[in-house]
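Shown here: protein-v3.tsv, TSV, C-alpha atoms and all ligand atoms.
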```
chain	number	residue	atom	x	y	z
A	1	MET	CA	21.06	0.51	10.66
A	2	ALA	CA	17.79	1.86	12.09
A	3	PRO	CA	14.81	1.85	9.70
A	4	LYS	CA	14.32	4.98	7.59
A	5	ALA	CA	10.59	4.46	7.05
A	6	VAL	CA	7.60	4.64	9.38
A	7	TYR	CA	4.11	3.23	8.89
A	8	ILE	CA	1.33	4.36	11.25
A	9	HIS	CA	-2.00	2.55	11.27
A	10	ILE	CA	-5.27	4.34	12.05
A	11	PRO	CA	-7.92	1.59	11.99
A	12	PHE	CA	-11.09	3.70	12.05
A	13	CYS	CA	-13.56	3.91	9.16
A	14	THR	CA	-16.92	5.62	8.79
A	15	GLN	CA	-18.15	2.76	6.60
A	16	ILE	CA	-17.02	-0.81	5.98
A	17	CYS	CA	-16.46	-1.67	2.32
A	18	ASN	CA	-17.66	-5.02	1.02
A	19	TYR	CA	-14.24	-6.13	-0.28
A	20	CYS	CA	-12.06	-4.95	2.60
A	21	ASP	CA	-9.90	-7.30	4.66
A	22	PHE	CA	-7.71	-4.59	6.22
A	23	ASN	CA	-7.53	-4.16	9.97
A	24	LYS	CA	-10.34	-1.70	10.65
A	25	VAL	CA	-13.33	-0.91	12.91
A	26	TYR	CA	-16.31	1.44	12.74
A	27	ALA	CA	-15.14	4.83	13.98
A	28	LYS	CA	-18.47	5.47	15.72
A	29	GLY	CA	-18.32	4.80	19.46
A	30	GLN	CA	-14.54	4.24	19.50
A	31	ASN	CA	-12.31	6.04	21.96
A	32	ILE	CA	-9.96	7.49	19.35
A	33	ASP	CA	-8.14	9.73	21.83
A	34	LYS	CA	-7.25	6.70	23.92
A	35	TYR	CA	-6.00	4.96	20.77
A	36	LEU	CA	-3.75	7.92	19.97
A	37	GLU	CA	-2.33	7.86	23.49
A	38	ALA	CA	-1.61	4.13	23.13
A	39	LEU	CA	-0.01	4.77	19.76
A	40	GLU	CA	2.33	7.28	21.36
A	41	LYS	CA	3.20	4.82	24.10
A	42	GLU	CA	3.98	2.16	21.50
A	43	ILE	CA	6.29	4.53	19.64
A	44	THR	CA	8.18	5.29	22.87
A	45	LEU	CA	8.84	1.57	23.31
A	46	TYR	CA	10.87	1.67	20.06
A	47	VAL	CA	12.36	5.14	19.61
A	48	SER	CA	13.32	8.27	21.52
A	49	GLU	CA	12.67	11.80	20.26
A	50	SER	CA	13.54	13.36	16.86
A	51	VAL	CA	14.44	10.25	14.88
A	52	GLU	CA	15.59	10.91	11.30
A	53	VAL	CA	13.51	9.04	8.72
A	54	GLU	CA	12.98	9.43	4.98
A	55	THR	CA	9.33	8.43	4.64
A	56	ILE	CA	6.25	8.38	6.87
A	57	TYR	CA	3.01	6.78	5.73
A	58	ILE	CA	-0.25	7.12	7.69
A	59	GLY	CA	-2.60	4.40	6.50
A	60	GLY	CA	-5.72	2.64	7.63
A	61	GLY	CA	-8.55	2.26	8.04
A	62	THR	CA	-9.20	5.85	7.14
A	63	PRO	CA	-6.87	8.33	8.86
A	64	THR	CA	-9.04	11.24	7.70
A	65	ALA	CA	-11.98	9.75	9.63
A	66	LEU	CA	-10.33	11.49	12.60
A	67	ASP	CA	-11.80	14.90	13.44
A	68	GLU	CA	-9.66	18.02	13.29
A	69	LYS	CA	-8.64	17.92	16.95
A	70	GLN	CA	-7.67	14.27	16.72
A	71	LEU	CA	-5.66	14.91	13.55
A	72	VAL	CA	-3.74	17.69	15.30
A	73	LYS	CA	-3.05	15.31	18.20
A	74	LEU	CA	-1.83	12.59	15.82
A	75	PHE	CA	0.55	15.00	14.11
A	76	SER	CA	1.90	16.35	17.39
A	77	ILE	CA	2.81	12.76	18.35
A	78	ILE	CA	4.49	12.12	15.00
A	79	HIS	CA	6.47	15.37	15.16
A	80	ARG	CA	7.63	14.63	18.69
A	81	TYR	CA	9.36	11.40	17.66
A	82	PHE	CA	10.18	11.85	13.98
A	83	ASN	CA	11.98	14.65	12.29
A	84	VAL	CA	9.88	15.76	9.31
A	85	ASN	CA	11.55	18.13	6.86
A	86	SER	CA	11.00	19.18	3.26
A	87	SER	CA	12.73	16.06	1.90
A	88	THR	CA	10.58	13.63	3.94
A	89	GLU	CA	7.91	11.93	1.85
A	90	PHE	CA	4.94	12.24	4.20
A	91	THR	CA	1.81	10.45	2.97
A	92	ILE	CA	-1.67	10.12	4.40
A	93	GLU	CA	-4.50	7.98	3.08
A	94	ALA	CA	-7.85	9.72	2.71
A	95	ASN	CA	-11.36	8.98	1.55
A	96	PRO	CA	-13.16	11.46	-0.72
A	97	GLY	CA	-16.09	11.86	1.69
A	98	ASP	CA	-13.83	12.62	4.67
A	99	ILE	CA	-11.66	15.41	3.35
A	100	ASP	CA	-12.46	19.14	3.36
A	101	THR	CA	-10.65	22.50	3.30
A	102	GLU	CA	-10.06	22.59	7.06
A	103	LYS	CA	-8.60	19.09	7.22
A	104	ILE	CA	-6.38	19.74	4.19
A	105	LYS	CA	-5.07	22.87	5.96
A	106	ILE	CA	-4.14	20.76	8.99
A	107	LEU	CA	-2.44	18.14	6.79
A	108	LYS	CA	-0.44	20.72	4.88
A	109	HIS	CA	0.52	22.66	7.99
A	110	ASN	CA	1.90	19.43	9.48
A	111	GLY	CA	4.09	18.56	6.52
A	112	ILE	CA	1.90	16.14	4.55
A	113	ASN	CA	3.11	16.34	0.96
A	114	ARG	CA	1.42	13.28	-0.54
A	115	ILE	CA	-2.23	12.20	-0.33
A	116	SER	CA	-3.41	8.78	-1.36
A	117	LEU	CA	-7.12	8.91	-2.11
A	118	GLY	CA	-9.29	5.77	-2.01
A	119	VAL	CA	-11.39	6.40	-5.11
A	120	GLN	CA	-11.74	2.82	-6.47
A	121	SER	CA	-14.14	3.82	-9.30
A	122	PHE	CA	-15.92	6.85	-10.71
A	123	ASN	CA	-19.08	4.84	-11.42
A	124	ASP	CA	-21.68	5.56	-8.73
A	125	GLN	CA	-23.49	2.29	-9.26
A	126	LEU	CA	-20.28	0.30	-8.78
A	127	LEU	CA	-19.31	2.40	-5.76
A	128	LYS	CA	-22.60	1.40	-4.18
A	129	ILE	CA	-22.07	-2.28	-5.01
A	130	ILE	CA	-18.66	-2.29	-3.33
A	131	GLY	CA	-19.98	-0.40	-0.29
A	132	ARG	CA	-18.30	2.98	-0.67
A	133	GLU	CA	-20.03	6.04	0.75
A	134	HIS	CA	-18.79	8.65	-1.72
A	135	THR	CA	-19.79	9.34	-5.32
A	136	GLY	CA	-17.59	9.74	-8.38
A	137	LEU	CA	-18.31	13.47	-8.41
A	138	GLN	CA	-17.25	13.82	-4.75
A	139	ALA	CA	-13.99	12.04	-5.59
A	140	THR	CA	-13.32	14.39	-8.51
A	141	LYS	CA	-14.07	17.43	-6.32
A	142	SER	CA	-11.78	16.16	-3.55
A	143	ILE	CA	-8.92	15.78	-6.02
A	144	GLU	CA	-9.46	19.31	-7.31
A	145	LEU	CA	-9.63	20.64	-3.75
A	146	ILE	CA	-6.38	18.93	-2.73
A	147	ASN	CA	-4.64	20.11	-5.88
A	148	SER	CA	-5.83	23.70	-5.39
A	149	SER	CA	-4.36	23.55	-1.87
A	150	ASN	CA	-0.93	23.00	-3.47
A	151	ILE	CA	-0.52	19.36	-2.52
A	152	GLU	CA	0.34	18.17	-5.99
A	153	ASN	CA	1.53	14.65	-5.18
A	154	ILE	CA	-1.81	12.84	-5.29
A	155	ASN	CA	-2.29	9.11	-5.69
A	156	LEU	CA	-5.58	7.49	-6.67
A	157	ASP	CA	-6.33	3.94	-5.60
A	158	LEU	CA	-8.49	2.23	-8.22
A	159	ILE	CA	-9.91	-1.29	-8.32
A	160	TYR	CA	-10.89	-3.16	-11.48
A	161	ALA	CA	-12.68	-6.46	-12.16
A	162	LEU	CA	-15.45	-5.35	-9.80
A	163	PRO	CA	-18.77	-7.23	-9.73
A	164	THR	CA	-20.81	-6.49	-12.92
A	165	GLN	CA	-18.01	-4.26	-14.28
A	166	ASP	CA	-17.27	-4.49	-18.00
A	167	LEU	CA	-14.25	-3.31	-19.97
A	168	LEU	CA	-16.01	-0.16	-21.15
A	169	ASP	CA	-16.72	0.92	-17.59
A	170	TRP	CA	-13.08	0.41	-16.57
A	171	LYS	CA	-11.95	2.39	-19.60
A	172	LYS	CA	-14.22	5.28	-18.54
A	173	THR	CA	-12.94	5.28	-14.94
A	174	LEU	CA	-9.31	5.12	-15.98
A	175	THR	CA	-9.68	7.77	-18.69
A	176	HIS	CA	-11.39	10.08	-16.20
A	177	ALA	CA	-8.58	9.49	-13.68
A	178	ILE	CA	-5.84	10.20	-16.23
A	179	ASN	CA	-7.36	13.60	-16.97
A	180	LEU	CA	-7.33	14.71	-13.33
A	181	PRO	CA	-4.44	16.65	-11.73
A	182	ILE	CA	-2.78	13.60	-10.14
A	183	LYS	CA	0.73	12.12	-10.18
A	184	HIS	CA	0.22	8.48	-9.30
A	185	ILE	CA	-2.26	5.64	-9.82
A	186	SER	CA	-2.41	2.32	-7.98
A	187	ALA	CA	-4.66	-0.07	-9.91
A	188	TYR	CA	-5.44	-3.42	-8.31
A	189	SER	CA	-7.79	-6.14	-9.51
A	190	LEU	CA	-10.44	-7.16	-7.00
A	191	ILE	CA	-9.50	-10.15	-4.90
A	192	ILE	CA	-12.28	-11.74	-2.89
A	193	GLU	CA	-10.65	-12.18	0.51
A	194	PRO	CA	-11.97	-14.39	3.34
A	195	LYS	CA	-13.93	-12.66	6.12
A	196	THR	CA	-15.31	-9.98	3.78
A	197	ILE	CA	-18.91	-9.32	2.81
A	198	PHE	CA	-18.04	-10.18	-0.79
A	199	TYR	CA	-16.63	-13.52	0.34
A	200	ILE	CA	-19.93	-14.46	1.98
A	201	LYS	CA	-21.83	-13.31	-1.11
A	202	ALA	CA	-19.48	-15.22	-3.43
A	203	GLU	CA	-20.01	-18.39	-1.37
A	204	LYS	CA	-23.74	-18.00	-1.94
A	205	GLY	CA	-23.21	-17.37	-5.66
A	206	GLU	CA	-24.54	-13.83	-5.33
A	207	ILE	CA	-21.65	-12.08	-7.07
A	208	GLU	CA	-21.15	-11.75	-10.79
A	209	LEU	CA	-17.46	-11.19	-11.52
A	210	PRO	CA	-15.83	-10.45	-14.88
A	211	SER	CA	-14.05	-13.44	-16.46
A	212	ASN	CA	-10.27	-13.88	-16.18
A	213	ASP	CA	-9.94	-12.85	-19.83
A	214	ILE	CA	-11.80	-9.58	-19.25
A	215	GLU	CA	-9.71	-8.96	-16.13
A	216	ALA	CA	-6.52	-9.45	-18.18
A	217	GLU	CA	-7.86	-7.03	-20.84
A	218	MET	CA	-8.55	-4.47	-18.12
A	219	TYR	CA	-4.96	-4.77	-16.89
A	220	GLU	CA	-3.61	-4.50	-20.42
A	221	PHE	CA	-5.74	-1.41	-21.08
A	222	ALA	CA	-4.39	0.18	-17.89
A	223	MET	CA	-0.76	-0.54	-18.80
A	224	ASN	CA	-1.11	0.76	-22.36
A	225	ASN	CA	-3.18	3.83	-21.63
A	226	LEU	CA	-1.29	4.92	-18.58
A	227	ALA	CA	1.98	4.63	-20.54
A	228	GLU	CA	0.52	6.79	-23.33
A	229	SER	CA	-0.37	9.41	-20.73
A	230	SER	CA	3.16	9.49	-19.23
A	231	PHE	CA	2.30	7.38	-16.20
A	232	ASN	CA	5.36	5.17	-15.95
A	233	GLN	CA	4.67	1.65	-14.68
A	234	TYR	CA	7.29	0.98	-12.02
A	235	GLU	CA	5.61	-1.90	-10.17
A	236	ILE	CA	3.06	-4.55	-11.16
A	237	SER	CA	0.12	-2.37	-10.03
A	238	ASN	CA	1.67	1.09	-9.67
A	239	PHE	CA	2.11	3.91	-12.18
A	240	SER	CA	3.48	7.42	-11.72
A	241	LYS	CA	4.49	10.58	-13.48
A	242	TYR	CA	8.27	10.98	-13.71
A	243	GLY	CA	9.82	11.41	-10.24
A	244	TYR	CA	6.60	10.67	-8.36
A	245	GLU	CA	7.11	6.99	-7.56
A	246	SER	CA	6.08	6.22	-3.97
A	247	LYS	CA	9.34	6.36	-2.00
A	248	HIS	CA	7.69	4.67	0.96
A	249	ASN	CA	6.33	1.70	-1.00
A	250	LEU	CA	9.65	1.36	-2.82
A	251	LYS	CA	11.21	0.72	0.58
A	252	TYR	CA	8.94	-2.33	0.92
A	253	TRP	CA	9.73	-3.57	-2.59
A	254	ASN	CA	13.45	-2.94	-2.04
A	255	ASN	CA	13.15	-5.14	1.06
A	256	GLU	CA	14.30	-2.39	3.42
A	257	GLU	CA	13.41	-2.29	7.10
A	258	TYR	CA	10.63	-0.07	8.52
A	259	TYR	CA	8.83	0.75	11.74
A	260	GLY	CA	5.12	-0.07	11.94
A	261	PHE	CA	2.95	1.35	14.72
A	262	GLY	CA	-0.73	0.87	15.54
A	263	ALA	CA	-3.21	-1.99	15.79
A	264	GLY	CA	-2.44	-4.69	13.23
A	265	ALA	CA	0.59	-2.81	11.88
A	266	HIS	CA	3.55	-4.76	10.49
A	267	SER	CA	7.17	-3.83	10.97
A	268	TYR	CA	10.55	-5.14	9.86
A	269	ILE	CA	13.35	-4.31	12.27
A	270	ASN	CA	16.69	-6.07	12.88
A	271	SER	CA	15.84	-8.80	10.35
A	272	THR	CA	12.61	-9.53	12.27
A	273	ARG	CA	9.10	-9.30	10.82
A	274	VAL	CA	6.59	-8.29	13.49
A	275	ARG	CA	2.79	-8.22	13.34
A	276	ASN	CA	0.93	-6.24	15.97
A	277	ILE	CA	-2.28	-7.31	17.69
A	278	GLY	CA	-5.12	-6.31	15.40
A	279	THR	CA	-8.09	-6.01	17.75
A	280	THR	CA	-8.09	-2.44	19.00
A	281	SER	CA	-9.17	-3.27	22.57
A	282	HIS	CA	-6.41	-5.90	22.93
A	283	TYR	CA	-3.88	-3.51	21.44
A	284	LEU	CA	-4.87	-0.89	24.04
A	285	LYS	CA	-4.67	-3.43	26.88
A	286	ALA	CA	-1.10	-4.43	26.00
A	287	LEU	CA	-0.01	-0.82	26.01
A	288	GLU	CA	-1.79	-0.11	29.31
A	289	LYS	CA	0.65	-2.67	30.73
A	290	ASN	CA	3.54	-0.99	28.91
A	291	ILE	CA	4.27	-4.02	26.78
A	292	LYS	CA	4.83	-4.07	23.04
A	293	PRO	CA	1.53	-5.11	21.38
A	294	ILE	CA	3.10	-7.92	19.38
A	295	LEU	CA	0.95	-10.74	18.03
A	296	GLU	CA	3.70	-12.63	16.23
A	297	MET	CA	7.30	-12.18	15.21
A	298	ASN	CA	9.71	-14.03	13.01
A	299	THR	CA	13.44	-13.43	12.72
A	300	LEU	CA	14.22	-14.29	9.14
A	301	SER	CA	16.78	-16.89	8.13
A	302	GLN	CA	19.11	-16.10	5.22
A	303	GLN	CA	16.92	-18.25	2.94
A	304	GLU	CA	13.73	-16.43	3.99
A	305	LYS	CA	15.40	-13.08	3.34
A	306	ILE	CA	16.40	-14.22	-0.13
A	307	GLU	CA	12.88	-15.43	-0.92
A	308	GLU	CA	11.40	-12.12	0.24
A	309	GLU	CA	13.98	-10.19	-1.74
A	310	LEU	CA	12.82	-12.03	-4.86
A	311	PHE	CA	9.10	-11.80	-4.45
A	312	LEU	CA	9.24	-8.16	-3.43
A	313	GLY	CA	11.97	-7.11	-5.86
A	314	LEU	CA	10.45	-8.81	-8.89
A	315	ARG	CA	7.27	-6.78	-8.34
A	316	LYS	CA	9.26	-3.80	-9.60
A	317	ILE	CA	9.27	-3.41	-13.38
A	318	LYS	CA	13.05	-2.99	-13.40
A	319	GLY	CA	13.37	-6.14	-11.27
A	320	ILE	CA	16.41	-7.12	-9.23
A	321	ASN	CA	19.98	-6.05	-9.81
A	322	ILE	CA	22.11	-9.18	-9.66
A	323	ASN	CA	25.23	-7.28	-8.52
A	324	ASN	CA	23.39	-5.70	-5.60
A	325	PHE	CA	22.00	-9.11	-4.74
A	326	ARG	CA	25.54	-10.55	-4.66
A	327	LYS	CA	26.72	-7.75	-2.36
A	328	ARG	CA	23.77	-8.22	-0.02
A	329	TYR	CA	23.75	-12.02	0.23
A	330	SER	CA	27.27	-13.04	-0.95
A	331	LEU	CA	25.55	-15.26	-3.51
A	332	ASP	CA	25.35	-15.44	-7.27
A	333	LEU	CA	21.58	-15.28	-7.86
A	334	LEU	CA	21.80	-16.85	-11.33
A	335	ASN	CA	23.73	-19.83	-9.94
A	336	TYR	CA	21.72	-20.19	-6.76
A	337	TYR	CA	18.42	-20.42	-8.64
A	338	ASN	CA	19.92	-21.77	-11.86
A	339	ASN	CA	17.15	-24.25	-12.71
A	340	GLU	CA	14.24	-22.04	-11.65
A	341	ILE	CA	15.53	-18.99	-13.52
A	342	ASN	CA	16.30	-20.98	-16.69
A	343	ASP	CA	12.82	-22.54	-16.66
A	344	LEU	CA	11.14	-19.17	-16.16
A	345	ILE	CA	13.22	-17.57	-18.93
A	346	LEU	CA	12.34	-20.46	-21.27
A	347	SER	CA	8.63	-20.05	-20.37
A	348	GLY	CA	8.86	-16.38	-21.31
A	349	LEU	CA	8.00	-15.12	-17.82
A	350	LEU	CA	11.43	-13.80	-16.74
A	351	GLU	CA	14.25	-12.08	-18.61
A	352	LEU	CA	17.78	-10.93	-17.91
A	353	ASP	CA	18.25	-7.38	-19.14
A	354	GLY	CA	21.91	-6.50	-18.54
A	355	ASP	CA	22.32	-6.87	-14.77
A	356	GLN	CA	18.60	-6.74	-14.09
A	357	LEU	CA	16.52	-9.89	-13.63
A	358	LYS	CA	12.90	-8.95	-14.25
A	359	LEU	CA	9.44	-10.12	-15.24
A	360	THR	CA	8.68	-10.03	-18.96
A	361	LYS	CA	5.54	-8.25	-20.14
A	362	ASN	CA	3.81	-11.64	-20.12
A	363	GLY	CA	5.27	-12.41	-16.67
A	364	LEU	CA	3.44	-9.37	-15.22
A	365	TYR	CA	0.17	-11.30	-15.56
A	366	PHE	CA	1.57	-14.30	-13.68
A	367	GLY	CA	3.67	-12.66	-10.96
A	368	ASN	CA	2.49	-14.96	-8.17
A	369	ASP	CA	3.31	-18.11	-10.16
A	370	VAL	CA	6.81	-16.77	-10.75
A	371	PHE	CA	7.38	-15.80	-7.09
A	372	MET	CA	6.30	-19.26	-5.88
A	373	LYS	CA	9.11	-20.89	-7.89
A	374	PHE	CA	11.69	-19.29	-5.59
A	375	ILE	CA	10.34	-20.76	-2.37
A	376	LYS	CA	12.67	-23.60	-1.28
A	377	ASP	CA	11.21	-26.28	1.01
A	401	LIG	S1	-11.41	-0.12	2.10
A	401	LIG	FE1	-10.62	1.53	3.35
A	401	LIG	S2	-12.46	2.73	3.86
A	401	LIG	FE2	-13.20	0.74	3.16
A	401	LIG	S3	-13.42	-0.45	5.03
A	401	LIG	FE3	-11.39	-0.88	4.21
A	401	LIG	S4	-10.03	0.51	5.25
A	401	LIG	FE4	-12.12	1.28	5.54
```

The structure in this file should be written as C-alpha cells.
Amino acid sequence: MAPKAVYIHIPFCTQICNYCDFNKVYAKGQNIDKYLEALEKEITLYVSESVEVETIYIGGGTPTALDEKQLVKLFSIIHRYFNVNSSTEFTIEANPGDIDTEKIKILKHNGINRISLGVQSFNDQLLKIIGREHTGLQATKSIELINSSNIENINLDLIYALPTQDLLDWKKTLTHAINLPIKHISAYSLIIEPKTIFYIKAEKGEIELPSNDIEAEMYEFAMNNLAESSFNQYEISNFSKYGYESKHNLKYWNNEEYYGFGAGAHSYINSTRVRNIGTTSHYLKALEKNIKPILEMNTLSQQEKIEEELFLGLRKIKGININNFRKRYSLDLLNYYNNEINDLILSGLLELDGDQLKLTKNGLYFGNDVFMKFIKD
C-alpha cells in the first residue's frame, strides 16, 4: 500500500540555534526558488498528480522563513501532487519571529490546520543562551495571533534542562504554556548533539547543565501538571488535549510508511528506509540530473522491522498491542522476546496491561535502556 503520510523538508533558517543538529542552512543568500523547483522535481520522481494522503507535515529548518511568494509557490506544488481536504491533517512548523497576519492568511487559505511553533522557553535570558531570535512575549503574541485566525490546533515545542535552567524556571514556562490557547505540547529534554555550538562549548566546559536528578524532576513536573490541565500524555514527550494527538507523528510511532521530500529528508517506502542528501547544493545537483537525491537506503529485514516496531511503538504511552503484532509479523511477541520482556517486567520498566505491552511510569524515564534490550545481534 502506498504511504498515507508526507513529510516535506524546508532547510532554511534565519538564525542557527546553539543546540540544533537538524539539517538546515542560513536562509540568507540561498536560492530558495531553485530549491522549491528541485523539490517539485523530486516529488515527480515518486508520485503522479492528486495522490490521496491523510497527513502532510512541512518541517525544517523553518518553513515560515520563506517569504509570502515562496510560501504560495510551495503550496501550489503540494496541491498539485497531493489531495488536501478537510480531513487531512496539514501541519507546518513555524518560529514566533517569522509569522505574521499575512503569512497566516496564506497558510489558512492553503489548508494548513495545524501549526507547530518552536517556542522552547518563555524566559528571554534562556532564549538568548540557546540562540533563539524571538522573545517570550513574541511567542505569546504569535500564539494569540494564530488562535485568533481560527487555527486552533497549535503545538508548542518546549525544551527543558537548558543550560543554567532550574526547576522553578521550567515550572514558570510550562505553567505559562498551559494557560495559552493551545492543544498540544511537545516537551523534550536538551540533548547535546555532536556538531552543534553547545557541543563545542560543552567540550570546553563552558556549559552549566542541570543535574540528572533535576532533569528527572522537570519531566515529572511536566507529566503531572500537564495531566492536571487535561493534556493527555500519549507519547514519552508528547501531550495533547483530547482528540488533538498528532496524527502525522503517530504514523511514525505506529511504524507506518511515509514519503519524505527535501534535502536530508527521510522516507519509508516499500519496507525501505531512505535518507536524502543533506547538503542543499548536492541535493540540487542530483535533481538537475533527474536522479533521486538519495544518500543511503536500507531495505529492512523482518528482524529490523520488529526492532523498529518495538522502539517506536513503546514510545507510545499505550504501548504495543500484542494481537496486532501477531497479525503483522506472524509471531507471538511475548514468546519471541520471552527473556527480555520478563526481565524488564521484573525490573519494573515494562508491564502487560491486557493486550498492551507498555512502559511503566518508571520505564518512561529509561525508554532508551528498554528499547536497546530488543536489539538482537
Ligand atoms: S532549531 Fe529550528 S530554527 Fe533553530 S536552527 Fe534548528 S531548525 Fe533552525

Box in all listed atoms of ligand LIG 401 (chain A), axis-aligned, with 3 Å more on each side; write out centre and edge lengths in Å to one decimal as AutoDock Vina command-line options.
```
--center_x -11.7 --center_y 0.9 --center_z 3.8 --size_x 9.4 --size_y 9.6 --size_z 9.4
```

Test item: residues no farther than 6 Å from ligand LIG 401 (chain A), counting all atoms listed in the file, as a ChimeraX atom specification: /A:13,15-17,20,22,24,60-62

Between atom CA of Ile32 of chain A and atom CA of Phe12 of chain A, distance in Å (one decimal):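 Answer for the atom CA of Ile32 of chain A to atom CA of Phe12 of chain A separation: 8.3 Å.
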
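Closest approach to Ala286 of chain A from the set A:Leu162, A:Ile115, A:Ala263, A:Ile192 is made by A:Ala263, with distances taken over all atoms listed in the file.
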
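For the choices A:Val72, A:Ile10, A:Ile317, A:Ala187, the atom-to-atom distance to Leu250 of chain A is smallest for A:Ile317 when using all atoms listed in the file.
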
12 Å contact set for segment 334-345 of chain A, only C-alpha atoms, chain neighbours under 4 positions out, as a ChimeraX atom specification: /A:303,306-307,310,320-323,325-326,329-330,349-353,355-360,362-363,366-367,369-376

Keeping only C-alpha atoms, write the selected residues as a short mmCIF file (atom, residue, chain, number, x, y, z; two decimals), keeping the file's coordinate frame.
```cif
data_model
loop_
_atom_site.label_atom_id
_atom_site.label_comp_id
_atom_site.auth_asym_id
_atom_site.auth_seq_id
_atom_site.Cartn_x
_atom_site.Cartn_y
_atom_site.Cartn_z
CA GLN A 303 16.92 -18.25 2.94
CA ILE A 306 16.40 -14.22 -0.13
CA GLU A 307 12.88 -15.43 -0.92
CA LEU A 310 12.82 -12.03 -4.86
CA ILE A 320 16.41 -7.12 -9.23
CA ASN A 321 19.98 -6.05 -9.81
CA ILE A 322 22.11 -9.18 -9.66
CA ASN A 323 25.23 -7.28 -8.52
CA PHE A 325 22.00 -9.11 -4.74
CA ARG A 326 25.54 -10.55 -4.66
CA TYR A 329 23.75 -12.02 0.23
CA SER A 330 27.27 -13.04 -0.95
CA LEU A 349 8.00 -15.12 -17.82
CA LEU A 350 11.43 -13.80 -16.74
CA GLU A 351 14.25 -12.08 -18.61
CA LEU A 352 17.78 -10.93 -17.91
CA ASP A 353 18.25 -7.38 -19.14
CA ASP A 355 22.32 -6.87 -14.77
CA GLN A 356 18.60 -6.74 -14.09
CA LEU A 357 16.52 -9.89 -13.63
CA LYS A 358 12.90 -8.95 -14.25
CA LEU A 359 9.44 -10.12 -15.24
CA THR A 360 8.68 -10.03 -18.96
CA ASN A 362 3.81 -11.64 -20.12
CA GLY A 363 5.27 -12.41 -16.67
CA PHE A 366 1.57 -14.30 -13.68
CA GLY A 367 3.67 -12.66 -10.96
CA ASP A 369 3.31 -18.11 -10.16
CA VAL A 370 6.81 -16.77 -10.75
CA PHE A 371 7.38 -15.80 -7.09
CA MET A 372 6.30 -19.26 -5.88
CA LYS A 373 9.11 -20.89 -7.89
CA PHE A 374 11.69 -19.29 -5.59
CA ILE A 375 10.34 -20.76 -2.37
CA LYS A 376 12.67 -23.60 -1.28
#
```

Shell of 7 Å around Ile207 of chain A, only C-alpha atoms, local chain residues under 4 positions omitted, as a ChimeraX atom specification: /A:163,201-202

Wanna dump the segment 214-313 of chain A-segment 54-59 of chain A contacts at 9 Å for me, each residue with its shortest atom pair and the distance in Å to one decimal, counting all atoms listed in the file, ordered by chain and number, as CSV?
```
residue,atom,partner,partner_atom,distance
A:Lys247,CA,A:Thr55,CA,7.0
A:His248,CA,A:Thr55,CA,5.5
A:Lys251,CA,A:Thr55,CA,8.9
```
